[in-house]
Each structure stands twice: as structure tokens, then as C-alpha cells.
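> Pasting target_11.cif here (mmCIF, N, CA, C and O atoms):
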```cif
data_my_file
#
loop_
_atom_site.label_atom_id
_atom_site.label_comp_id
_atom_site.auth_asym_id
_atom_site.auth_seq_id
_atom_site.Cartn_x
_atom_site.Cartn_y
_atom_site.Cartn_z
N MET A 1 -25.78 138.87 -4.73
CA MET A 1 -25.29 139.83 -5.69
C MET A 1 -24.73 141.03 -4.93
O MET A 1 -25.32 141.52 -3.98
N ALA A 2 -23.56 141.50 -5.35
CA ALA A 2 -22.93 142.65 -4.71
C ALA A 2 -23.69 143.93 -5.06
O ALA A 2 -24.21 144.07 -6.16
N LYS A 3 -23.72 144.83 -4.11
CA LYS A 3 -24.38 146.12 -4.34
C LYS A 3 -23.48 147.02 -5.19
O LYS A 3 -22.27 146.98 -5.06
N THR A 4 -24.10 147.80 -6.01
CA THR A 4 -23.35 148.78 -6.79
C THR A 4 -23.04 149.99 -5.90
O THR A 4 -23.67 150.19 -4.86
N ILE A 5 -22.10 150.79 -6.36
CA ILE A 5 -21.79 152.01 -5.61
C ILE A 5 -23.01 152.91 -5.56
O ILE A 5 -23.34 153.47 -4.52
N THR A 6 -23.72 153.02 -6.69
CA THR A 6 -24.90 153.88 -6.73
C THR A 6 -25.96 153.45 -5.72
O THR A 6 -26.50 154.28 -4.99
N SER A 7 -26.23 152.15 -5.64
CA SER A 7 -27.25 151.70 -4.69
C SER A 7 -26.78 151.87 -3.25
O SER A 7 -27.57 152.20 -2.37
N THR A 8 -25.50 151.72 -3.01
CA THR A 8 -24.96 151.93 -1.67
C THR A 8 -25.02 153.41 -1.28
O THR A 8 -25.36 153.75 -0.15
N LEU A 9 -24.73 154.28 -2.24
CA LEU A 9 -24.85 155.72 -1.98
C LEU A 9 -26.30 156.09 -1.67
O LEU A 9 -26.57 156.84 -0.72
N ALA A 10 -27.23 155.54 -2.44
CA ALA A 10 -28.65 155.81 -2.19
C ALA A 10 -29.05 155.33 -0.80
O ALA A 10 -29.74 156.05 -0.06
N ASP A 11 -28.62 154.13 -0.43
CA ASP A 11 -28.93 153.60 0.90
C ASP A 11 -28.34 154.49 2.00
O ASP A 11 -28.97 154.73 3.03
N THR A 12 -27.12 154.96 1.77
CA THR A 12 -26.46 155.82 2.76
C THR A 12 -27.25 157.11 2.96
O THR A 12 -27.50 157.52 4.09
N LEU A 13 -27.68 157.73 1.87
CA LEU A 13 -28.48 158.96 1.98
C LEU A 13 -29.83 158.68 2.61
O LEU A 13 -30.34 159.50 3.38
N GLU A 14 -30.42 157.54 2.30
CA GLU A 14 -31.72 157.18 2.88
C GLU A 14 -31.62 157.02 4.40
O GLU A 14 -32.59 157.24 5.11
N ASN A 15 -30.45 156.63 4.89
CA ASN A 15 -30.26 156.41 6.32
C ASN A 15 -30.00 157.69 7.10
O ASN A 15 -29.94 157.66 8.33
N LEU A 16 -29.82 158.81 6.41
CA LEU A 16 -29.61 160.08 7.11
C LEU A 16 -30.94 160.62 7.62
O LEU A 16 -31.96 160.49 6.95
N SER A 17 -30.90 161.24 8.78
CA SER A 17 -32.09 161.91 9.28
C SER A 17 -32.37 163.13 8.40
O SER A 17 -31.52 163.54 7.60
N LYS A 18 -33.51 163.76 8.59
CA LYS A 18 -33.86 164.94 7.80
C LYS A 18 -32.82 166.04 8.00
O LYS A 18 -32.36 166.65 7.03
N GLY A 19 -32.43 166.27 9.23
CA GLY A 19 -31.43 167.30 9.53
C GLY A 19 -30.07 166.97 8.94
O GLY A 19 -29.39 167.86 8.40
N GLU A 20 -29.67 165.72 9.05
CA GLU A 20 -28.40 165.30 8.48
C GLU A 20 -28.41 165.45 6.96
O GLU A 20 -27.42 165.89 6.36
N PHE A 21 -29.53 165.10 6.33
CA PHE A 21 -29.65 165.22 4.88
C PHE A 21 -29.58 166.69 4.46
O PHE A 21 -28.91 167.02 3.47
N GLU A 22 -30.20 167.57 5.22
CA GLU A 22 -30.13 169.00 4.91
C GLU A 22 -28.70 169.51 5.03
O GLU A 22 -28.22 170.27 4.19
N ARG A 23 -27.98 169.08 6.08
CA ARG A 23 -26.58 169.47 6.24
C ARG A 23 -25.72 168.90 5.12
O ARG A 23 -24.81 169.57 4.61
N PHE A 24 -26.02 167.66 4.71
CA PHE A 24 -25.30 167.03 3.61
C PHE A 24 -25.46 167.87 2.34
O PHE A 24 -24.48 168.19 1.66
N CYS A 25 -26.69 168.25 2.01
CA CYS A 25 -26.95 169.04 0.80
C CYS A 25 -26.28 170.41 0.89
O CYS A 25 -25.72 170.90 -0.11
N HIS A 26 -26.30 171.01 2.07
CA HIS A 26 -25.64 172.31 2.25
C HIS A 26 -24.15 172.19 1.98
O HIS A 26 -23.56 173.02 1.27
N LYS A 27 -23.51 171.17 2.54
CA LYS A 27 -22.07 170.96 2.33
C LYS A 27 -21.78 170.64 0.87
O LYS A 27 -20.74 171.06 0.33
N LEU A 28 -22.66 169.89 0.23
CA LEU A 28 -22.47 169.56 -1.19
C LEU A 28 -22.45 170.84 -2.02
O LEU A 28 -21.60 171.00 -2.91
N LEU A 29 -23.33 171.76 -1.73
CA LEU A 29 -23.38 173.02 -2.46
C LEU A 29 -22.20 173.93 -2.11
O LEU A 29 -21.81 174.78 -2.92
N ASP A 30 -21.64 173.75 -0.92
CA ASP A 30 -20.56 174.60 -0.43
C ASP A 30 -19.18 174.12 -0.87
O ASP A 30 -18.18 174.78 -0.58
N ARG A 31 -19.10 173.00 -1.57
CA ARG A 31 -17.81 172.47 -2.02
C ARG A 31 -17.13 173.47 -2.94
O ARG A 31 -17.76 174.06 -3.81
N ARG A 32 -15.84 173.66 -2.75
CA ARG A 32 -15.07 174.59 -3.58
C ARG A 32 -14.37 173.89 -4.74
O ARG A 32 -13.97 174.52 -5.70
N GLU A 33 -14.21 172.58 -4.64
CA GLU A 33 -13.52 171.84 -5.68
C GLU A 33 -14.44 171.66 -6.89
O GLU A 33 -15.64 171.62 -6.78
N GLU A 34 -13.82 171.55 -8.05
CA GLU A 34 -14.56 171.28 -9.28
C GLU A 34 -14.66 169.77 -9.46
O GLU A 34 -13.76 169.04 -9.05
N PRO A 35 -15.70 169.29 -10.08
CA PRO A 35 -16.88 170.03 -10.52
C PRO A 35 -17.78 170.37 -9.34
O PRO A 35 -17.82 169.66 -8.35
N ARG A 36 -18.48 171.48 -9.48
CA ARG A 36 -19.40 171.92 -8.44
C ARG A 36 -20.82 171.57 -8.84
O ARG A 36 -21.13 171.45 -10.02
N VAL A 37 -21.67 171.42 -7.85
CA VAL A 37 -23.07 171.07 -8.07
C VAL A 37 -23.90 172.34 -8.01
O VAL A 37 -23.75 173.14 -7.08
N LYS A 38 -24.77 172.53 -8.99
CA LYS A 38 -25.63 173.71 -9.02
C LYS A 38 -26.77 173.57 -8.01
O LYS A 38 -27.30 172.48 -7.80
N ARG A 39 -27.12 174.69 -7.41
CA ARG A 39 -28.20 174.71 -6.42
C ARG A 39 -29.49 174.13 -6.99
O ARG A 39 -30.21 173.40 -6.32
N SER A 40 -29.80 174.43 -8.23
CA SER A 40 -31.04 173.94 -8.84
C SER A 40 -31.07 172.42 -8.96
O SER A 40 -32.14 171.83 -9.08
N HIS A 41 -29.90 171.78 -8.92
CA HIS A 41 -29.84 170.32 -8.98
C HIS A 41 -30.04 169.65 -7.63
O HIS A 41 -30.17 168.43 -7.56
N VAL A 42 -30.05 170.48 -6.57
CA VAL A 42 -30.14 169.94 -5.21
C VAL A 42 -31.43 170.36 -4.50
O VAL A 42 -32.03 169.55 -3.80
N GLU A 43 -31.85 171.60 -4.68
CA GLU A 43 -33.01 172.10 -3.96
C GLU A 43 -34.27 171.30 -4.26
O GLU A 43 -34.57 171.01 -5.42
N ASP A 44 -34.96 170.93 -3.18
CA ASP A 44 -36.24 170.21 -3.26
C ASP A 44 -36.13 168.85 -3.95
O ASP A 44 -37.10 168.37 -4.53
N LYS A 45 -34.96 168.24 -3.91
CA LYS A 45 -34.77 166.93 -4.53
C LYS A 45 -34.80 165.84 -3.47
O LYS A 45 -34.43 166.05 -2.32
N SER A 46 -35.23 164.66 -3.89
CA SER A 46 -35.26 163.51 -2.99
C SER A 46 -33.85 162.95 -2.83
O SER A 46 -32.92 163.31 -3.56
N ARG A 47 -33.71 162.03 -1.92
CA ARG A 47 -32.41 161.39 -1.69
C ARG A 47 -31.98 160.60 -2.92
O ARG A 47 -30.79 160.58 -3.26
N LEU A 48 -32.92 159.96 -3.59
CA LEU A 48 -32.58 159.21 -4.80
C LEU A 48 -32.17 160.16 -5.93
O LEU A 48 -31.24 159.86 -6.69
N GLN A 49 -32.83 161.29 -6.03
CA GLN A 49 -32.46 162.27 -7.05
C GLN A 49 -31.08 162.85 -6.77
O GLN A 49 -30.30 163.06 -7.70
N ILE A 50 -30.75 163.07 -5.50
CA ILE A 50 -29.42 163.56 -5.13
C ILE A 50 -28.38 162.51 -5.48
O ILE A 50 -27.29 162.84 -5.97
N THR A 51 -28.70 161.23 -5.28
CA THR A 51 -27.77 160.17 -5.66
C THR A 51 -27.48 160.25 -7.15
O THR A 51 -26.31 160.15 -7.57
N ASP A 52 -28.51 160.43 -7.97
CA ASP A 52 -28.31 160.56 -9.42
C ASP A 52 -27.46 161.77 -9.76
O ASP A 52 -26.59 161.71 -10.64
N VAL A 53 -27.68 162.88 -9.07
CA VAL A 53 -26.89 164.09 -9.29
C VAL A 53 -25.42 163.82 -8.96
O VAL A 53 -24.52 164.19 -9.72
N LEU A 54 -25.18 163.16 -7.83
CA LEU A 54 -23.81 162.85 -7.43
C LEU A 54 -23.10 162.00 -8.47
O LEU A 54 -21.97 162.30 -8.88
N VAL A 55 -23.76 160.94 -8.93
CA VAL A 55 -23.13 160.03 -9.88
C VAL A 55 -22.94 160.71 -11.24
O VAL A 55 -21.90 160.54 -11.88
N SER A 56 -23.92 161.48 -11.68
CA SER A 56 -23.78 162.14 -12.98
C SER A 56 -22.73 163.26 -12.95
O SER A 56 -22.09 163.54 -13.95
N THR A 57 -22.53 163.86 -11.79
CA THR A 57 -21.55 164.94 -11.67
C THR A 57 -20.14 164.41 -11.45
O THR A 57 -19.19 164.91 -12.06
N PHE A 58 -19.99 163.40 -10.61
CA PHE A 58 -18.67 162.96 -10.17
C PHE A 58 -18.26 161.57 -10.65
O PHE A 58 -17.15 161.15 -10.35
N THR A 59 -19.11 160.82 -11.34
CA THR A 59 -18.96 159.40 -11.65
C THR A 59 -19.15 158.60 -10.36
O THR A 59 -19.12 159.18 -9.26
N GLU A 60 -19.32 157.31 -10.46
CA GLU A 60 -19.57 156.50 -9.25
C GLU A 60 -18.41 156.59 -8.27
O GLU A 60 -18.61 156.83 -7.09
N GLU A 61 -17.19 156.39 -8.75
CA GLU A 61 -16.03 156.39 -7.86
C GLU A 61 -15.83 157.77 -7.22
O GLU A 61 -15.55 157.88 -6.03
N GLY A 62 -15.97 158.82 -8.02
CA GLY A 62 -15.83 160.17 -7.49
C GLY A 62 -16.93 160.51 -6.50
O GLY A 62 -16.68 161.18 -5.48
N ALA A 63 -18.14 160.07 -6.79
CA ALA A 63 -19.27 160.33 -5.89
C ALA A 63 -19.03 159.66 -4.53
O ALA A 63 -19.34 160.24 -3.49
N LEU A 64 -18.49 158.47 -4.55
CA LEU A 64 -18.19 157.77 -3.31
C LEU A 64 -17.23 158.60 -2.46
O LEU A 64 -17.46 158.81 -1.26
N THR A 65 -16.19 159.11 -3.06
CA THR A 65 -15.22 159.94 -2.35
C THR A 65 -15.87 161.19 -1.79
O THR A 65 -15.66 161.55 -0.62
N VAL A 66 -16.67 161.87 -2.61
CA VAL A 66 -17.33 163.11 -2.18
C VAL A 66 -18.28 162.83 -1.01
O VAL A 66 -18.29 163.56 -0.02
N VAL A 67 -19.07 161.77 -1.11
CA VAL A 67 -20.01 161.43 -0.04
C VAL A 67 -19.27 161.15 1.26
O VAL A 67 -19.65 161.65 2.32
N LEU A 68 -18.21 160.38 1.20
CA LEU A 68 -17.44 160.08 2.41
C LEU A 68 -16.87 161.35 3.02
O LEU A 68 -16.90 161.53 4.24
N GLU A 69 -16.35 162.26 2.19
CA GLU A 69 -15.80 163.52 2.69
C GLU A 69 -16.88 164.36 3.37
O GLU A 69 -16.66 164.91 4.45
N ILE A 70 -18.06 164.45 2.73
CA ILE A 70 -19.13 165.27 3.29
C ILE A 70 -19.66 164.65 4.58
O ILE A 70 -19.91 165.37 5.56
N LEU A 71 -19.84 163.35 4.60
CA LEU A 71 -20.33 162.69 5.82
C LEU A 71 -19.38 162.94 6.99
O LEU A 71 -19.83 163.21 8.11
N GLU A 72 -18.10 162.87 6.72
CA GLU A 72 -17.13 163.14 7.78
C GLU A 72 -17.23 164.60 8.23
O GLU A 72 -17.21 164.90 9.42
N ALA A 73 -17.37 165.51 7.27
CA ALA A 73 -17.43 166.94 7.59
C ALA A 73 -18.66 167.31 8.42
O ALA A 73 -18.59 168.23 9.23
N ILE A 74 -19.76 166.59 8.23
CA ILE A 74 -20.98 166.91 8.99
C ILE A 74 -21.13 166.05 10.24
O ILE A 74 -22.16 166.09 10.90
N GLY A 75 -20.10 165.26 10.53
CA GLY A 75 -20.12 164.46 11.75
C GLY A 75 -20.92 163.18 11.65
O GLY A 75 -21.37 162.64 12.65
N CYS A 76 -21.09 162.68 10.45
CA CYS A 76 -21.82 161.42 10.24
C CYS A 76 -20.87 160.35 9.73
O CYS A 76 -21.26 159.50 8.93
N ASN A 77 -19.63 160.37 10.19
CA ASN A 77 -18.66 159.41 9.67
C ASN A 77 -18.92 157.99 10.14
O ASN A 77 -18.26 157.08 9.69
N GLN A 78 -19.91 157.77 10.99
CA GLN A 78 -20.28 156.40 11.33
C GLN A 78 -21.16 155.80 10.23
O GLN A 78 -21.31 154.61 10.13
N ARG A 79 -21.78 156.64 9.41
CA ARG A 79 -22.70 156.19 8.38
C ARG A 79 -22.05 155.40 7.24
O ARG A 79 -22.64 154.49 6.75
N PRO A 80 -20.85 155.77 6.80
CA PRO A 80 -20.35 155.15 5.58
C PRO A 80 -19.76 153.77 5.73
O PRO A 80 -19.10 153.30 4.83
N ALA A 81 -20.00 153.09 6.84
CA ALA A 81 -19.42 151.76 7.01
C ALA A 81 -19.77 150.85 5.84
O ALA A 81 -18.90 150.18 5.28
N SER A 82 -21.03 150.83 5.44
CA SER A 82 -21.41 149.99 4.31
C SER A 82 -20.90 150.56 3.01
O SER A 82 -20.56 149.84 2.08
N THR A 83 -20.78 151.87 2.92
CA THR A 83 -20.29 152.52 1.70
C THR A 83 -18.82 152.20 1.48
O THR A 83 -18.41 151.90 0.37
N ALA A 84 -18.04 152.26 2.55
CA ALA A 84 -16.61 152.01 2.42
C ALA A 84 -16.31 150.58 2.04
O ALA A 84 -15.25 150.29 1.49
N ALA A 85 -17.24 149.69 2.29
CA ALA A 85 -17.02 148.28 1.99
C ALA A 85 -17.24 147.94 0.53
O ALA A 85 -16.92 146.85 0.09
N VAL A 86 -17.76 148.88 -0.24
CA VAL A 86 -18.03 148.62 -1.66
C VAL A 86 -16.72 148.46 -2.40
O VAL A 86 -15.81 149.26 -2.24
N GLN A 87 -16.61 147.42 -3.18
CA GLN A 87 -15.42 147.19 -3.99
C GLN A 87 -15.56 147.92 -5.31
O GLN A 87 -16.54 147.75 -6.01
N VAL A 88 -14.58 148.74 -5.64
CA VAL A 88 -14.60 149.45 -6.92
C VAL A 88 -13.80 148.62 -7.90
O VAL A 88 -12.61 148.37 -7.68
N THR A 89 -14.46 148.19 -8.95
CA THR A 89 -13.77 147.41 -9.96
C THR A 89 -13.77 148.17 -11.28
O THR A 89 -14.71 148.85 -11.62
N SER A 90 -12.67 148.06 -12.00
CA SER A 90 -12.62 148.75 -13.28
C SER A 90 -12.70 147.78 -14.42
O SER A 90 -12.58 146.63 -14.30
#
```
Please render this file's structure as C-alpha cells.


Amino acid sequence: MAKTITSTLADTLENLSKGEFERFCHKLLDRREEPRVKRSHVEDKSRLQITDVLVSTFTEEGALTVVLEILEAIGCNQRPASTAAVQVTS
């Protein structure tokens, strides 16, 4: 069975180190584009909860784009190999 975008995003966040995850959350909060994520939706949240925030804020396809952009910005662009392989079907 093919993985969903949501499960792939969760796996990607789970694979980040603690420091990388903190930088990811910082960059997520620092995004200037709309929609923006509120600090209260990110602070003290688990990786799975952040995945839910991403999908509910940006939709699955939008969340994928945002995650890839943030991973590249924090120097973790080697991480999304499995994420980029997800097929988006409408």
C-alpha cells in the first residue's frame, strides 16, 4: 500500500534530530507567506501534532511544499527523499 502524504510528512519529521526539529518549528513560525501558523499551534507539540497542524493549515499538497521548503532552508534537504517520492493524486 502506498504511503499517504500525511504519513510521509510524519515520518520525515520523526527522522529529524531534536535540534533539526527545533529549527524546523522556528522556520515554520517565521514564514511570511499566508497562511501563517500560530505559535500556540507549534509550541510544546509533538512531531505528529505538528504534522496535523501542517495538514490542517496548508492541506496535504501544500504541507508537502512547505515542509520541503523549510527542510531546504535549515540544511536538511537530504531528508525529503522519501517525501519527494510521494505521488499526489487528485

> Taking into account only C-alpha atoms, which residue in the set A:Ser56, A:Leu16, A:Cys76, A:Val42 is nearest to Leu28 in chain A?

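Closest residue, counting only C-alpha atoms: A:Val42.
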
> Counting only N, CA, C and O atoms, which of A:Glu61, A:Asp30, A:Ala10, A:Gly19 gets nearest to Gln49 in chain A?

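Of all the options, A:Ala10 lies closest to Gln49 in chain A.
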
> Give the answer as one residue: which of A:Val55, A:Leu71, A:Val66, A:Cys25 has the shortest atom-to-atom distance to Ile5 in chain A, using only C-alpha atoms?

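For Ile5 in chain A, the nearest of the given residues is A:Val55.
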
> Which distance in Å separates CA of Ile74 in chain A and CA of Phe21 in chain A, to one decimal?

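Value for the CA of Ile74 in chain A-CA of Phe21 in chain A distance: 9.7 Å.
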
> What is the distance between CA of Ser17 in chain A and CA of Asp52 in chain A, in Å to one decimal?

19.1 Å

> Tell me, in Å to one decimal, how far CA of Asp11 in chain A is from atom N of Leu29 in chain A.

19.2 Å

> With distances taken over only C-alpha atoms, which of A:Ile70, A:Thr65, A:Val37, A:Thr59 is nearest to Arg23 in chain A?

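Closest to Arg23 in chain A, using only C-alpha atoms: A:Ile70.
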
> Each side padded by 8 Å, which centre and which edge lengths in Å (one decimal) define the axis-aligned box around the listed atoms of range 7-19 of chain A? Give them as lines of an AutoDock Vina configuration file.


```
center_x = -29.3
center_y = 159.8
center_z = 1.9
size_x = 25.1
size_y = 32.2
size_z = 31.2
```

> Nearest to Thr12 in chain A among A:Val53, A:Arg31, A:Arg47, A:Lys38, with distances taken over all atoms listed in the file: which residue is it?

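Closest candidate: A:Arg47.
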
> Taking (-20.9, 167.1, -11.8) in the file's own coordinates, collect the residues within 5 Å, counting all atoms listed in the file, and hand them back as number ranges by chain.

A: 36, 56-58

> As a PyMOL selection string, list the residues of range 26-61 of chain A assigned to alpha helix (DSSP H) by DSSP on the backbone atoms of this structure.

chain A and resi 26-30+47-61

> Model the absent atoms of range 44-55 of chain A so that all heavy atoms are present, and write the result as a PDB file, in the coordinates of the input.


```
ATOM      1  N   ASP A  44     -34.960 170.930  -3.180  1.00  0.00           N
ATOM      2  CA  ASP A  44     -36.240 170.210  -3.260  1.00  0.00           C
ATOM      3  C   ASP A  44     -36.130 168.850  -3.950  1.00  0.00           C
ATOM      4  O   ASP A  44     -37.100 168.370  -4.530  1.00  0.00           O
ATOM      5  CB  ASP A  44     -37.310 171.064  -3.950  1.00  0.00           C
ATOM      6  CG  ASP A  44     -37.541 172.377  -3.221  1.00  0.00           C
ATOM      7  OD1 ASP A  44     -37.558 172.377  -1.971  1.00  0.00           O
ATOM      8  OD2 ASP A  44     -37.693 173.404  -3.907  1.00  0.00           O
ATOM      9  N   LYS A  45     -34.960 168.240  -3.910  1.00  0.00           N
ATOM     10  CA  LYS A  45     -34.770 166.930  -4.530  1.00  0.00           C
ATOM     11  C   LYS A  45     -34.800 165.840  -3.470  1.00  0.00           C
ATOM     12  O   LYS A  45     -34.430 166.050  -2.320  1.00  0.00           O
ATOM     13  CB  LYS A  45     -33.427 166.870  -5.272  1.00  0.00           C
ATOM     14  CG  LYS A  45     -33.256 167.912  -6.359  1.00  0.00           C
ATOM     15  CD  LYS A  45     -34.204 167.690  -7.502  1.00  0.00           C
ATOM     16  CE  LYS A  45     -33.853 168.553  -8.677  1.00  0.00           C
ATOM     17  NZ  LYS A  45     -34.789 169.569  -9.034  1.00  0.00           N
ATOM     18  N   SER A  46     -35.230 164.660  -3.890  1.00  0.00           N
ATOM     19  CA  SER A  46     -35.260 163.510  -2.990  1.00  0.00           C
ATOM     20  C   SER A  46     -33.850 162.950  -2.830  1.00  0.00           C
ATOM     21  O   SER A  46     -32.920 163.310  -3.560  1.00  0.00           O
ATOM     22  CB  SER A  46     -36.176 162.424  -3.558  1.00  0.00           C
ATOM     23  OG  SER A  46     -35.558 161.805  -4.682  1.00  0.00           O
ATOM     24  N   ARG A  47     -33.710 162.030  -1.920  1.00  0.00           N
ATOM     25  CA  ARG A  47     -32.410 161.390  -1.690  1.00  0.00           C
ATOM     26  C   ARG A  47     -31.980 160.600  -2.920  1.00  0.00           C
ATOM     27  O   ARG A  47     -30.790 160.580  -3.260  1.00  0.00           O
ATOM     28  CB  ARG A  47     -32.491 160.504  -0.451  1.00  0.00           C
ATOM     29  CG  ARG A  47     -32.712 161.352   0.806  1.00  0.00           C
ATOM     30  CD  ARG A  47     -33.345 160.537   1.926  1.00  0.00           C
ATOM     31  NE  ARG A  47     -34.015 161.387   2.879  1.00  0.00           N
ATOM     32  CZ  ARG A  47     -33.495 161.784   4.033  1.00  0.00           C
ATOM     33  NH1 ARG A  47     -32.310 161.380   4.396  1.00  0.00           N
ATOM     34  NH2 ARG A  47     -34.179 162.572   4.823  1.00  0.00           N
ATOM     35  N   LEU A  48     -32.920 159.960  -3.590  1.00  0.00           N
ATOM     36  CA  LEU A  48     -32.580 159.210  -4.800  1.00  0.00           C
ATOM     37  C   LEU A  48     -32.170 160.160  -5.930  1.00  0.00           C
ATOM     38  O   LEU A  48     -31.240 159.860  -6.690  1.00  0.00           O
ATOM     39  CB  LEU A  48     -33.752 158.337  -5.243  1.00  0.00           C
ATOM     40  CG  LEU A  48     -34.084 157.170  -4.313  1.00  0.00           C
ATOM     41  CD1 LEU A  48     -35.318 156.427  -4.808  1.00  0.00           C
ATOM     42  CD2 LEU A  48     -32.905 156.232  -4.176  1.00  0.00           C
ATOM     43  N   GLN A  49     -32.830 161.290  -6.030  1.00  0.00           N
ATOM     44  CA  GLN A  49     -32.460 162.270  -7.050  1.00  0.00           C
ATOM     45  C   GLN A  49     -31.080 162.850  -6.770  1.00  0.00           C
ATOM     46  O   GLN A  49     -30.300 163.060  -7.700  1.00  0.00           O
ATOM     47  CB  GLN A  49     -33.505 163.386  -7.116  1.00  0.00           C
ATOM     48  CG  GLN A  49     -34.824 162.935  -7.711  1.00  0.00           C
ATOM     49  CD  GLN A  49     -35.911 163.980  -7.562  1.00  0.00           C
ATOM     50  OE1 GLN A  49     -36.092 164.564  -6.486  1.00  0.00           O
ATOM     51  NE2 GLN A  49     -36.641 164.226  -8.641  1.00  0.00           N
ATOM     52  N   ILE A  50     -30.750 163.070  -5.500  1.00  0.00           N
ATOM     53  CA  ILE A  50     -29.420 163.560  -5.130  1.00  0.00           C
ATOM     54  C   ILE A  50     -28.380 162.510  -5.480  1.00  0.00           C
ATOM     55  O   ILE A  50     -27.290 162.840  -5.970  1.00  0.00           O
ATOM     56  CB  ILE A  50     -29.346 163.939  -3.638  1.00  0.00           C
ATOM     57  CG1 ILE A  50     -30.285 165.105  -3.324  1.00  0.00           C
ATOM     58  CG2 ILE A  50     -27.908 164.256  -3.218  1.00  0.00           C
ATOM     59  CD1 ILE A  50     -29.951 166.401  -4.010  1.00  0.00           C
ATOM     60  N   THR A  51     -28.700 161.230  -5.280  1.00  0.00           N
ATOM     61  CA  THR A  51     -27.770 160.170  -5.660  1.00  0.00           C
ATOM     62  C   THR A  51     -27.480 160.250  -7.150  1.00  0.00           C
ATOM     63  O   THR A  51     -26.310 160.150  -7.570  1.00  0.00           O
ATOM     64  CB  THR A  51     -28.368 158.780  -5.320  1.00  0.00           C
ATOM     65  OG1 THR A  51     -28.606 158.712  -3.916  1.00  0.00           O
ATOM     66  CG2 THR A  51     -27.431 157.661  -5.732  1.00  0.00           C
ATOM     67  N   ASP A  52     -28.510 160.430  -7.970  1.00  0.00           N
ATOM     68  CA  ASP A  52     -28.310 160.560  -9.420  1.00  0.00           C
ATOM     69  C   ASP A  52     -27.460 161.770  -9.760  1.00  0.00           C
ATOM     70  O   ASP A  52     -26.590 161.710 -10.640  1.00  0.00           O
ATOM     71  CB  ASP A  52     -29.655 160.638 -10.134  1.00  0.00           C
ATOM     72  CG  ASP A  52     -30.429 159.335 -10.094  1.00  0.00           C
ATOM     73  OD1 ASP A  52     -29.812 158.272  -9.865  1.00  0.00           O
ATOM     74  OD2 ASP A  52     -31.660 159.374 -10.291  1.00  0.00           O
ATOM     75  N   VAL A  53     -27.680 162.880  -9.070  1.00  0.00           N
ATOM     76  CA  VAL A  53     -26.890 164.090  -9.290  1.00  0.00           C
ATOM     77  C   VAL A  53     -25.420 163.820  -8.960  1.00  0.00           C
ATOM     78  O   VAL A  53     -24.520 164.190  -9.720  1.00  0.00           O
ATOM     79  CB  VAL A  53     -27.427 165.280  -8.451  1.00  0.00           C
ATOM     80  CG1 VAL A  53     -26.447 166.452  -8.435  1.00  0.00           C
ATOM     81  CG2 VAL A  53     -28.784 165.722  -8.963  1.00  0.00           C
ATOM     82  N   LEU A  54     -25.180 163.160  -7.830  1.00  0.00           N
ATOM     83  CA  LEU A  54     -23.810 162.850  -7.430  1.00  0.00           C
ATOM     84  C   LEU A  54     -23.100 162.000  -8.470  1.00  0.00           C
ATOM     85  O   LEU A  54     -21.970 162.300  -8.880  1.00  0.00           O
ATOM     86  CB  LEU A  54     -23.813 162.114  -6.076  1.00  0.00           C
ATOM     87  CG  LEU A  54     -24.158 162.960  -4.860  1.00  0.00           C
ATOM     88  CD1 LEU A  54     -24.515 162.064  -3.679  1.00  0.00           C
ATOM     89  CD2 LEU A  54     -23.020 163.891  -4.513  1.00  0.00           C
ATOM     90  N   VAL A  55     -23.760 160.940  -8.930  1.00  0.00           N
ATOM     91  CA  VAL A  55     -23.130 160.030  -9.880  1.00  0.00           C
ATOM     92  C   VAL A  55     -22.940 160.710 -11.240  1.00  0.00           C
ATOM     93  O   VAL A  55     -21.900 160.540 -11.880  1.00  0.00           O
ATOM     94  CB  VAL A  55     -23.948 158.726 -10.003  1.00  0.00           C
ATOM     95  CG1 VAL A  55     -23.432 157.855 -11.140  1.00  0.00           C
ATOM     96  CG2 VAL A  55     -23.893 157.955  -8.684  1.00  0.00           C
TER      97      VAL A  55
END
```
